[in-house]
Each structure stands twice: as structure tokens, then as C-alpha cells.
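For reference, the structure discussed in these notes is given below.
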Amino acid sequence: MNSPRILALLPFLVRGALSIAIFRDLRERGFEITIAYCDAASGAYTPDALEDFASTGHLLNLAGMDSAARFHKVLELLCDRKIDLLLQIGAADLYHLLPYWKERLPRLRIADILYNEIGHTLNHFIYEKCFDTVMVESEFMAGFIRRFSRKNNPPVTVVRSGVNVEEFAPNNSPKSELLKIGFVGRMSEEKNPIGFVELAEELGRREPLYDFRMFGTGPDEAIVRARISNSAVANRLKYHGFVEHVKDGLHQLDVLVLPSKFDGRPVLVMEANACGIPVIAAPVGGIPELVIDGVNGFLIFPTATEHIHALLLSWLEQPHELAALKLASRMHALEHFDREKMIAAYAAAFSDIAAS
């Protein structure tokens, strides 16, 4: 069977977005994919011009158009390119047009791709009659969809994400007497960077050999910087801000703390493990599907200070235990988080949906 012709609807174009990376890989495998987007990226994100898509006529800018113009522009593209599969990926401003495209083109397959249970996910349930399937990354999200769907047996496709395990290889830097504990990610409420600062303050009072580092930017950056500057452990809690590549931050750590208040299937866990770094993560959302206690990290809420301190202290006193866990984390990533498996799974899923 030939690869399906796909149109993906995005709210805006962000450098490093998982969906865009997947589409680039699929194009190399012969998929014809066009991307339509509604607006320019906000200041909180680094934009991606998608010049590779634009140069071949596979990028559609819907910014500044009213609903009627967007409807006709997309309909024209759907017809002209004989699109088999329409992917809705967070383009909240376009949900209300889906019923009309489906009415005009009843054979068109439409899939909603959802990463977590917040934000535009509400729109999915409003317009769920339009969707032939829902694509999610985790069993947690699959269960969420099934619980709240008004369909008796909603079709849900689970495709687990992965990372380039060779790109995120361990960094064999010299060992330090300090235990380097870090936060890497978006400075926003759901990722809970303030929770990391509070944990660092509690741990810092207990052990002088803990060293804390934070990497990333986001809407709460000023709040985080202000909190650190007034912290009792400010001399051991360094905010490094933006890093060009996530691994540049990860390679400076012995352990990653992921204190999320809610989350989907965070790629950061996989990136850290591929770098040989274990993760102490809050057991929320799809995270428990990624972290196995004692194998590639531990599931612990960031407020469980005594539990975390006991764990970290054991690694200071018996560094061979941490070395073994780092190796196990790398091996776990090689077995379970390989990007090539993810791309193959997406290719198969898109083909199956389009042919259904």
C-alpha cells in the first residue's frame, strides 16, 4: 500500500516540537505531509520556519484569516492533494471547522493527537464525532479518553514516543565529590520549577555536598530567578537558563528531578535515561509508565523530602550504587525508548487509520 497523504493542523510552529520532528522523519520515508498552522509562535517558544516544508509547497499559513477563509483554504488543499488523513494536533482555533470538512469529504479520515488531559483536550470531546481515532502516547491518556468519551467504544491508538538514543549518549565526565541534582525543562506552572527550588532548599539544609542546577526558559522564569536570588541555598542553586541542546544541561547532572504537577509522557525522562541519568519523578500522568523504581529512577513526589534525601545520601556514601543505576538507565533507554521504533509505529498507525 502507498503511504497516505497527510495534512497536519498545528496552532503554531515551534522548534524542537515532537510532531514536527516526526513529520520530518516520515517525509524521508516517502510520506507526503503538508502542515497548516494558525499563528506565529508566542515569545515563550523558539519558532521553526519549516523551510524544508515551505520550499516544496507543503506549508500552509492560516494566520490572519477569518474562519470562512480558513475553511475554504484547507478544503481546497484537501481536495487538490487528495488528502487521506487529517491530523488535528492542538490547533484549537480549527476544531469547529472539522464537522464541515468531514461533511464535504466523508471518506476523509480525521485523527486527534492528544498529549495530556488539559488545555484544548476539552475541544476533543465537543467534536469527538468527527474523529475516526484518537492518538495518544500513554495508557494513562488512553484511559482518560475512554472514561470521558460519549462513545461506547472510542477508538484510541497508543503510539509511545522515543528519542535518538545515540544523540543522547552518556557523557563520561570526571567524577565530582558533589552530587549534581537538576531541573531541566520549561519554566511553567505544570512543570513545577518552584517545587524544585523548594526541594533544593530542604535538601540543602541537610547536606552540603548537594549541588543544584536549573536549565530552561518559560513564562515563570522571572518568578523562578527571583525565588532563587532570595533563597538560603542560592550559592548552591544555579539557574543557567536556555541551553542550545537539552543534553548540554543533562550532561551536567547526576540525577534529574521531574516535579511536575501534571504531565503526559515527558520526553525529558527518555532523554535523561539515554544520557545515563536516573530520574526522580512525580508519579503523575503518564510518568509511571516511563519510570520503574530502582531500574531507571524512582517515582517520588517532590514534597517527600526525607525519602529523596535518604536516596541521594545513599548515592553519596556508596557511589557504586549510583554508577550502577546510571548504567541501568542507559540500558533501559536503549531497550524501551528508541526513536526508530517510535517512527515505525507512527508510520504504521497513520497508514492503518487512512486505510480504515
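Ligands are numbered from 1 in the order shown, chains are lettered A, B, ... in the order of the C-alpha cells, and residues start at 1 in each chain.
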List as a PDB file with all heavy atoms, in the first residue's frame the protein and nucleic acid residues near Gly16 (chain A), meaning an atom at most 12 Å away when only C-alpha atoms are counted, but skip any in the same chain fewer than 6 places from it.
ATOM      1  N   ILE A  22       8.738  14.247  13.982  1.00  0.00           N
ATOM      2  CA  ILE A  22       8.182  13.015  13.427  1.00  0.00           C
ATOM      3  C   ILE A  22       7.858  13.192  11.948  1.00  0.00           C
ATOM      4  O   ILE A  22       8.158  12.327  11.119  1.00  0.00           O
ATOM      5  CB  ILE A  22       6.931  12.599  14.211  1.00  0.00           C
ATOM      6  CG1 ILE A  22       7.321  12.143  15.628  1.00  0.00           C
ATOM      7  CG2 ILE A  22       6.166  11.488  13.485  1.00  0.00           C
ATOM      8  CD1 ILE A  22       6.144  11.980  16.560  1.00  0.00           C
ATOM      9  N   PHE A  23       7.251  14.323  11.595  1.00  0.00           N
ATOM     10  CA  PHE A  23       6.886  14.553  10.193  1.00  0.00           C
ATOM     11  C   PHE A  23       8.127  14.631   9.296  1.00  0.00           C
ATOM     12  O   PHE A  23       8.106  14.158   8.157  1.00  0.00           O
ATOM     13  CB  PHE A  23       6.056  15.830  10.068  1.00  0.00           C
ATOM     14  CG  PHE A  23       4.714  15.751  10.758  1.00  0.00           C
ATOM     15  CD1 PHE A  23       4.138  16.876  11.330  1.00  0.00           C
ATOM     16  CD2 PHE A  23       4.038  14.545  10.835  1.00  0.00           C
ATOM     17  CE1 PHE A  23       2.903  16.802  11.965  1.00  0.00           C
ATOM     18  CE2 PHE A  23       2.804  14.462  11.469  1.00  0.00           C
ATOM     19  CZ  PHE A  23       2.242  15.585  12.037  1.00  0.00           C
ATOM     20  N   ARG A  24       9.192  15.235   9.806  1.00  0.00           N
ATOM     21  CA  ARG A  24      10.423  15.296   9.015  1.00  0.00           C
ATOM     22  C   ARG A  24      10.952  13.883   8.743  1.00  0.00           C
ATOM     23  O   ARG A  24      11.379  13.574   7.627  1.00  0.00           O
ATOM     24  CB  ARG A  24      11.471  16.141   9.740  1.00  0.00           C
ATOM     25  CG  ARG A  24      11.211  17.647   9.644  1.00  0.00           C
ATOM     26  CD  ARG A  24      12.381  18.463  10.139  1.00  0.00           C
ATOM     27  NE  ARG A  24      12.263  19.852   9.713  1.00  0.00           N
ATOM     28  CZ  ARG A  24      12.143  20.894  10.529  1.00  0.00           C
ATOM     29  NH1 ARG A  24      12.128  20.711  11.844  1.00  0.00           N
ATOM     30  NH2 ARG A  24      12.036  22.113  10.042  1.00  0.00           N
ATOM     31  N   TYR A  45       8.233  30.546  22.981  1.00  0.00           N
ATOM     32  CA  TYR A  45       8.770  29.445  22.195  1.00  0.00           C
ATOM     33  C   TYR A  45       9.725  29.965  21.132  1.00  0.00           C
ATOM     34  O   TYR A  45       9.610  31.098  20.666  1.00  0.00           O
ATOM     35  CB  TYR A  45       7.648  28.669  21.502  1.00  0.00           C
ATOM     36  CG  TYR A  45       6.653  28.018  22.429  1.00  0.00           C
ATOM     37  CD1 TYR A  45       5.455  28.656  22.749  1.00  0.00           C
ATOM     38  CD2 TYR A  45       6.902  26.767  22.973  1.00  0.00           C
ATOM     39  CE1 TYR A  45       4.536  28.051  23.595  1.00  0.00           C
ATOM     40  CE2 TYR A  45       5.993  26.158  23.816  1.00  0.00           C
ATOM     41  CZ  TYR A  45       4.807  26.805  24.126  1.00  0.00           C
ATOM     42  OH  TYR A  45       3.899  26.215  24.960  1.00  0.00           O
ATOM     43  N   THR A  46      10.646  29.121  20.710  1.00  0.00           N
ATOM     44  CA  THR A  46      11.523  29.429  19.587  1.00  0.00           C
ATOM     45  C   THR A  46      10.850  28.930  18.318  1.00  0.00           C
ATOM     46  O   THR A  46      10.557  27.736  18.199  1.00  0.00           O
ATOM     47  CB  THR A  46      12.892  28.747  19.748  1.00  0.00           C
ATOM     48  OG1 THR A  46      13.486  29.162  20.982  1.00  0.00           O
ATOM     49  CG2 THR A  46      13.813  29.107  18.592  1.00  0.00           C
ATOM     50  N   PRO A  47      10.572  29.808  17.345  1.00  0.00           N
ATOM     51  CA  PRO A  47       9.841  29.386  16.144  1.00  0.00           C
ATOM     52  C   PRO A  47      10.689  28.532  15.214  1.00  0.00           C
ATOM     53  O   PRO A  47      11.918  28.570  15.241  1.00  0.00           O
ATOM     54  CB  PRO A  47       9.456  30.714  15.493  1.00  0.00           C
ATOM     55  CG  PRO A  47      10.489  31.679  15.966  1.00  0.00           C
ATOM     56  CD  PRO A  47      10.863  31.254  17.362  1.00  0.00           C
ATOM     57  N   ASP A  48      10.009  27.757  14.397  1.00  0.00           N
ATOM     58  CA  ASP A  48      10.636  26.956  13.347  1.00  0.00           C
ATOM     59  C   ASP A  48      10.016  27.392  12.033  1.00  0.00           C
ATOM     60  O   ASP A  48       8.803  27.270  11.843  1.00  0.00           O
ATOM     61  CB  ASP A  48      10.390  25.466  13.602  1.00  0.00           C
ATOM     62  CG  ASP A  48      11.180  24.568  12.651  1.00  0.00           C
ATOM     63  OD1 ASP A  48      11.435  24.985  11.508  1.00  0.00           O
ATOM     64  OD2 ASP A  48      11.523  23.443  13.058  1.00  0.00           O
ATOM     65  N   ALA A  49      10.810  27.912  11.125  1.00  0.00           N
ATOM     66  CA  ALA A  49      10.289  28.410   9.843  1.00  0.00           C
ATOM     67  C   ALA A  49       9.855  27.284   8.911  1.00  0.00           C
ATOM     68  O   ALA A  49       9.163  27.538   7.919  1.00  0.00           O
ATOM     69  CB  ALA A  49      11.337  29.269   9.155  1.00  0.00           C
ATOM     70  N   LEU A  50      10.241  26.057   9.202  1.00  0.00           N
ATOM     71  CA  LEU A  50       9.905  24.897   8.372  1.00  0.00           C
ATOM     72  C   LEU A  50      10.224  25.154   6.895  1.00  0.00           C
ATOM     73  O   LEU A  50       9.403  24.901   6.008  1.00  0.00           O
ATOM     74  CB  LEU A  50       8.424  24.519   8.554  1.00  0.00           C
ATOM     75  CG  LEU A  50       8.168  23.276   9.417  1.00  0.00           C
ATOM     76  CD1 LEU A  50       8.526  23.585  10.863  1.00  0.00           C
ATOM     77  CD2 LEU A  50       6.748  22.808   9.321  1.00  0.00           C
ATOM     78  N   VAL A 163      13.287   8.615  21.718  1.00  0.00           N
ATOM     79  CA  VAL A 163      14.323   9.620  21.468  1.00  0.00           C
ATOM     80  C   VAL A 163      15.471   8.987  20.690  1.00  0.00           C
ATOM     81  O   VAL A 163      15.590   7.764  20.600  1.00  0.00           O
ATOM     82  CB  VAL A 163      14.866  10.221  22.786  1.00  0.00           C
ATOM     83  CG1 VAL A 163      13.769  10.941  23.546  1.00  0.00           C
ATOM     84  CG2 VAL A 163      15.507   9.133  23.662  1.00  0.00           C
ATOM     85  N   GLU A 244      21.246  25.385  24.325  1.00  0.00           N
ATOM     86  CA  GLU A 244      21.016  25.137  22.908  1.00  0.00           C
ATOM     87  C   GLU A 244      20.489  23.724  22.668  1.00  0.00           C
ATOM     88  O   GLU A 244      19.639  23.492  21.828  1.00  0.00           O
ATOM     89  CB  GLU A 244      22.316  25.349  22.124  1.00  0.00           C
ATOM     90  CG  GLU A 244      22.169  25.224  20.617  1.00  0.00           C
ATOM     91  CD  GLU A 244      21.269  26.298  20.019  1.00  0.00           C
ATOM     92  OE1 GLU A 244      21.227  27.414  20.564  1.00  0.00           O
ATOM     93  OE2 GLU A 244      20.593  26.006  18.997  1.00  0.00           O
ATOM     94  N   HIS A 245      20.991  22.777  23.447  1.00  0.00           N
ATOM     95  CA  HIS A 245      20.559  21.393  23.324  1.00  0.00           C
ATOM     96  C   HIS A 245      20.323  20.848  24.724  1.00  0.00           C
ATOM     97  O   HIS A 245      21.129  21.066  25.633  1.00  0.00           O
ATOM     98  CB  HIS A 245      21.607  20.566  22.590  1.00  0.00           C
ATOM     99  CG  HIS A 245      21.083  19.268  22.070  1.00  0.00           C
ATOM    100  ND1 HIS A 245      20.663  18.240  22.894  1.00  0.00           N
ATOM    101  CD2 HIS A 245      20.901  18.817  20.799  1.00  0.00           C
ATOM    102  CE1 HIS A 245      20.257  17.218  22.174  1.00  0.00           C
ATOM    103  NE2 HIS A 245      20.379  17.537  20.896  1.00  0.00           N
ATOM    104  N   VAL A 246      19.230  20.131  24.895  1.00  0.00           N
ATOM    105  CA  VAL A 246      18.862  19.606  26.215  1.00  0.00           C
ATOM    106  C   VAL A 246      20.000  18.796  26.824  1.00  0.00           C
ATOM    107  O   VAL A 246      20.252  18.864  28.035  1.00  0.00           O
ATOM    108  CB  VAL A 246      17.588  18.738  26.111  1.00  0.00           C
ATOM    109  CG1 VAL A 246      17.316  18.023  27.423  1.00  0.00           C
ATOM    110  CG2 VAL A 246      16.401  19.609  25.729  1.00  0.00           C
ATOM    111  N   VAL A 267       9.164  13.585  27.241  1.00  0.00           N
ATOM    112  CA  VAL A 267      10.329  13.104  26.513  1.00  0.00           C
ATOM    113  C   VAL A 267      11.596  13.288  27.333  1.00  0.00           C
ATOM    114  O   VAL A 267      12.587  12.565  27.147  1.00  0.00           O
ATOM    115  CB  VAL A 267      10.419  13.829  25.152  1.00  0.00           C
ATOM    116  CG1 VAL A 267      10.755  15.296  25.333  1.00  0.00           C
ATOM    117  CG2 VAL A 267      11.436  13.165  24.239  1.00  0.00           C
TER     118      VAL A 267
END
Item to complete: Find the residues near region 304-319 of chain A: any atom within 8 Å, counting only C-alpha atoms, skip ones fewer than 2 places away on the same chain, and give them as a VMD selection string.
Response: chain A and resid 179 199 202 to 203 206 300 to 302 321 to 323
Counting only C-alpha atoms, what is within 6 Å of region 28-36 of chain A, bar same-chain residues fewer than 4 positions away, as a short mmCIF file (atom, residue, chain, number, x, y, z; two decimals) with C-alpha atoms, in the first residue's frame?
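Once everything was written out, this is around-v5.cif:
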data_model
loop_
_atom_site.label_atom_id
_atom_site.label_comp_id
_atom_site.auth_asym_id
_atom_site.auth_seq_id
_atom_site.Cartn_x
_atom_site.Cartn_y
_atom_site.Cartn_z
CA SER A 3 1.87 5.90 2.12
CA ARG A 5 -1.24 11.77 2.02
CA ILE A 6 -1.44 13.73 5.27
CA LEU A 7 -2.44 17.25 6.31
CA ALA A 8 -1.45 18.19 9.86
CA LEU A 9 -3.10 21.12 11.68
CA HIS A 58 3.93 21.76 1.87
CA LEU A 59 3.43 24.59 4.38
CA LEU A 60 0.13 26.49 4.65
CA ASN A 61 -0.05 29.71 6.69
#
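Around Leu299 (chain A), within 9 Å and counting only C-alpha atoms, the residues found are Val279, Ile280, Ala281, Ala282, Pro283, Ile287, Pro288, Val291, Ile292 and Asp293 of chain A, once anything fewer than 6 positions away on its own chain is removed.
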Practice prompt. Mind listing the strand (DSSP E or B) residues of region 231-300 of chain A, per DSSP on the backbone, as a count of residues only?
Written response: 16
Worksheet item: Leaving out Tyr95 (chain A) and any residue of its chain fewer than 5 positions from it, which residues lie within 8 Å of it when counting only C-alpha atoms, given as an NGL selection string?
Response: :A and (88 or 123-124 or 127)
Mind writing the picked residues with C-alpha atoms as a PDB file, in the first residue's frame?
ATOM      1  CA  GLN A  88      -5.551  17.702  14.459  1.00  0.00           C
ATOM      2  CA  ASN A 123     -12.410  20.513  22.357  1.00  0.00           C
ATOM      3  CA  HIS A 124     -11.863  16.882  21.534  1.00  0.00           C
ATOM      4  CA  TYR A 127     -16.187  17.488  18.443  1.00  0.00           C
TER       5      TYR A 127
END
Within 10 Å of Met331 (chain A), counting only C-alpha atoms, which residues show up once you throw out same-chain ones fewer than 2 positions away? Write them as a PDB file with all heavy atoms, in the first residue's frame, please.
ATOM      1  N   ASN A 273      17.448   9.347  30.616  1.00  0.00           N
ATOM      2  CA  ASN A 273      17.869   7.946  30.708  1.00  0.00           C
ATOM      3  C   ASN A 273      18.860   7.581  29.597  1.00  0.00           C
ATOM      4  O   ASN A 273      19.817   6.840  29.828  1.00  0.00           O
ATOM      5  CB  ASN A 273      16.665   7.020  30.639  1.00  0.00           C
ATOM      6  CG  ASN A 273      15.882   6.933  31.931  1.00  0.00           C
ATOM      7  OD1 ASN A 273      14.810   6.347  31.960  1.00  0.00           O
ATOM      8  ND2 ASN A 273      16.394   7.507  33.013  1.00  0.00           N
ATOM      9  N   ALA A 274      18.617   8.085  28.382  1.00  0.00           N
ATOM     10  CA  ALA A 274      19.545   7.817  27.286  1.00  0.00           C
ATOM     11  C   ALA A 274      20.928   8.369  27.592  1.00  0.00           C
ATOM     12  O   ALA A 274      21.941   7.798  27.180  1.00  0.00           O
ATOM     13  CB  ALA A 274      19.005   8.407  25.989  1.00  0.00           C
ATOM     14  N   GLY A 276      22.156   8.298  30.444  1.00  0.00           N
ATOM     15  CA  GLY A 276      22.629   7.564  31.604  1.00  0.00           C
ATOM     16  C   GLY A 276      22.344   8.263  32.910  1.00  0.00           C
ATOM     17  O   GLY A 276      23.076   8.083  33.895  1.00  0.00           O
ATOM     18  N   VAL A 295      15.132   0.879  38.633  1.00  0.00           N
ATOM     19  CA  VAL A 295      15.646   0.482  37.315  1.00  0.00           C
ATOM     20  C   VAL A 295      16.213   1.686  36.569  1.00  0.00           C
ATOM     21  O   VAL A 295      17.370   1.702  36.164  1.00  0.00           O
ATOM     22  CB  VAL A 295      14.554  -0.204  36.473  1.00  0.00           C
ATOM     23  CG1 VAL A 295      15.059  -0.501  35.056  1.00  0.00           C
ATOM     24  CG2 VAL A 295      14.098  -1.494  37.147  1.00  0.00           C
ATOM     25  N   ASN A 296      15.380   2.706  36.363  1.00  0.00           N
ATOM     26  CA  ASN A 296      15.834   3.915  35.670  1.00  0.00           C
ATOM     27  C   ASN A 296      15.494   5.180  36.458  1.00  0.00           C
ATOM     28  O   ASN A 296      15.539   6.276  35.928  1.00  0.00           O
ATOM     29  CB  ASN A 296      15.238   3.994  34.269  1.00  0.00           C
ATOM     30  CG  ASN A 296      13.717   4.070  34.281  1.00  0.00           C
ATOM     31  OD1 ASN A 296      13.053   3.524  35.162  1.00  0.00           O
ATOM     32  ND2 ASN A 296      13.155   4.744  33.293  1.00  0.00           N
ATOM     33  N   LEU A 325      23.078   2.418  38.722  1.00  0.00           N
ATOM     34  CA  LEU A 325      21.778   2.927  38.303  1.00  0.00           C
ATOM     35  C   LEU A 325      21.897   3.727  37.005  1.00  0.00           C
ATOM     36  O   LEU A 325      21.012   3.663  36.145  1.00  0.00           O
ATOM     37  CB  LEU A 325      21.171   3.791  39.406  1.00  0.00           C
ATOM     38  CG  LEU A 325      19.765   4.314  39.164  1.00  0.00           C
ATOM     39  CD1 LEU A 325      18.778   3.155  38.989  1.00  0.00           C
ATOM     40  CD2 LEU A 325      19.312   5.208  40.321  1.00  0.00           C
ATOM     41  N   LYS A 326      22.988   4.469  36.858  1.00  0.00           N
ATOM     42  CA  LYS A 326      23.211   5.214  35.619  1.00  0.00           C
ATOM     43  C   LYS A 326      23.327   4.261  34.430  1.00  0.00           C
ATOM     44  O   LYS A 326      22.738   4.499  33.360  1.00  0.00           O
ATOM     45  CB  LYS A 326      24.469   6.071  35.735  1.00  0.00           C
ATOM     46  CG  LYS A 326      24.313   7.302  36.628  1.00  0.00           C
ATOM     47  CD  LYS A 326      25.584   8.141  36.619  1.00  0.00           C
ATOM     48  CE  LYS A 326      25.384   9.439  37.376  1.00  0.00           C
ATOM     49  NZ  LYS A 326      26.577  10.317  37.322  1.00  0.00           N
ATOM     50  N   LEU A 327      24.069   3.184  34.608  1.00  0.00           N
ATOM     51  CA  LEU A 327      24.216   2.211  33.541  1.00  0.00           C
ATOM     52  C   LEU A 327      22.873   1.546  33.225  1.00  0.00           C
ATOM     53  O   LEU A 327      22.508   1.374  32.047  1.00  0.00           O
ATOM     54  CB  LEU A 327      25.237   1.152  33.943  1.00  0.00           C
ATOM     55  CG  LEU A 327      25.470   0.022  32.928  1.00  0.00           C
ATOM     56  CD1 LEU A 327      25.942   0.577  31.584  1.00  0.00           C
ATOM     57  CD2 LEU A 327      26.465  -0.986  33.472  1.00  0.00           C
ATOM     58  N   ALA A 328      22.121   1.216  34.274  1.00  0.00           N
ATOM     59  CA  ALA A 328      20.812   0.585  34.073  1.00  0.00           C
ATOM     60  C   ALA A 328      19.855   1.538  33.351  1.00  0.00           C
ATOM     61  O   ALA A 328      19.039   1.104  32.526  1.00  0.00           O
ATOM     62  CB  ALA A 328      20.227   0.165  35.420  1.00  0.00           C
ATOM     63  N   SER A 329      19.949   2.837  33.655  1.00  0.00           N
ATOM     64  CA  SER A 329      19.095   3.828  32.994  1.00  0.00           C
ATOM     65  C   SER A 329      19.391   3.881  31.496  1.00  0.00           C
ATOM     66  O   SER A 329      18.479   3.947  30.665  1.00  0.00           O
ATOM     67  CB  SER A 329      19.308   5.210  33.619  1.00  0.00           C
ATOM     68  OG  SER A 329      18.923   5.225  34.976  1.00  0.00           O
ATOM     69  N   ALA A 333      16.847   2.798  28.394  1.00  0.00           N
ATOM     70  CA  ALA A 333      16.526   3.671  27.270  1.00  0.00           C
ATOM     71  C   ALA A 333      16.770   2.970  25.939  1.00  0.00           C
ATOM     72  O   ALA A 333      15.976   3.085  24.999  1.00  0.00           O
ATOM     73  CB  ALA A 333      17.348   4.954  27.355  1.00  0.00           C
ATOM     74  N   LEU A 334      17.864   2.231  25.843  1.00  0.00           N
ATOM     75  CA  LEU A 334      18.171   1.522  24.602  1.00  0.00           C
ATOM     76  C   LEU A 334      17.089   0.505  24.265  1.00  0.00           C
ATOM     77  O   LEU A 334      16.733   0.319  23.096  1.00  0.00           O
ATOM     78  CB  LEU A 334      19.522   0.814  24.726  1.00  0.00           C
ATOM     79  CG  LEU A 334      20.762   1.714  24.754  1.00  0.00           C
ATOM     80  CD1 LEU A 334      22.006   0.875  25.026  1.00  0.00           C
ATOM     81  CD2 LEU A 334      20.914   2.488  23.455  1.00  0.00           C
ATOM     82  N   GLU A 335      16.543  -0.126  25.291  1.00  0.00           N
ATOM     83  CA  GLU A 335      15.546  -1.171  25.066  1.00  0.00           C
ATOM     84  C   GLU A 335      14.148  -0.626  24.824  1.00  0.00           C
ATOM     85  O   GLU A 335      13.397  -1.157  23.999  1.00  0.00           O
ATOM     86  CB  GLU A 335      15.522  -2.123  26.260  1.00  0.00           C
ATOM     87  CG  GLU A 335      14.550  -3.287  26.091  1.00  0.00           C
ATOM     88  CD  GLU A 335      14.582  -4.268  27.236  1.00  0.00           C
ATOM     89  OE1 GLU A 335      15.415  -4.088  28.153  1.00  0.00           O
ATOM     90  OE2 GLU A 335      13.763  -5.221  27.230  1.00  0.00           O
ATOM     91  N   HIS A 336      13.797   0.454  25.532  1.00  0.00           N
ATOM     92  CA  HIS A 336      12.387   0.885  25.542  1.00  0.00           C
ATOM     93  C   HIS A 336      12.128   2.238  24.877  1.00  0.00           C
ATOM     94  O   HIS A 336      10.981   2.528  24.534  1.00  0.00           O
ATOM     95  CB  HIS A 336      11.876   0.945  26.983  1.00  0.00           C
ATOM     96  CG  HIS A 336      11.901  -0.377  27.684  1.00  0.00           C
ATOM     97  ND1 HIS A 336      10.975  -1.366  27.440  1.00  0.00           N
ATOM     98  CD2 HIS A 336      12.747  -0.869  28.623  1.00  0.00           C
ATOM     99  CE1 HIS A 336      11.233  -2.415  28.193  1.00  0.00           C
ATOM    100  NE2 HIS A 336      12.300  -2.151  28.919  1.00  0.00           N
ATOM    101  N   PHE A 337      13.137   3.090  24.712  1.00  0.00           N
ATOM    102  CA  PHE A 337      12.890   4.468  24.288  1.00  0.00           C
ATOM    103  C   PHE A 337      13.531   4.808  22.942  1.00  0.00           C
ATOM    104  O   PHE A 337      13.789   5.969  22.645  1.00  0.00           O
ATOM    105  CB  PHE A 337      13.409   5.449  25.343  1.00  0.00           C
ATOM    106  CG  PHE A 337      12.787   5.291  26.711  1.00  0.00           C
ATOM    107  CD1 PHE A 337      13.508   5.619  27.847  1.00  0.00           C
ATOM    108  CD2 PHE A 337      11.491   4.807  26.861  1.00  0.00           C
ATOM    109  CE1 PHE A 337      12.942   5.479  29.112  1.00  0.00           C
ATOM    110  CE2 PHE A 337      10.921   4.659  28.121  1.00  0.00           C
ATOM    111  CZ  PHE A 337      11.652   5.000  29.253  1.00  0.00           C
TER     112      PHE A 337
END
Fill in: DSSP alpha helix (DSSP H) residues within region 71-282 of chain A, as a PyMOL selection string
chain A and resi 71-80+98-104+121-126+139-148+193-206+221-229+246-250+267-274
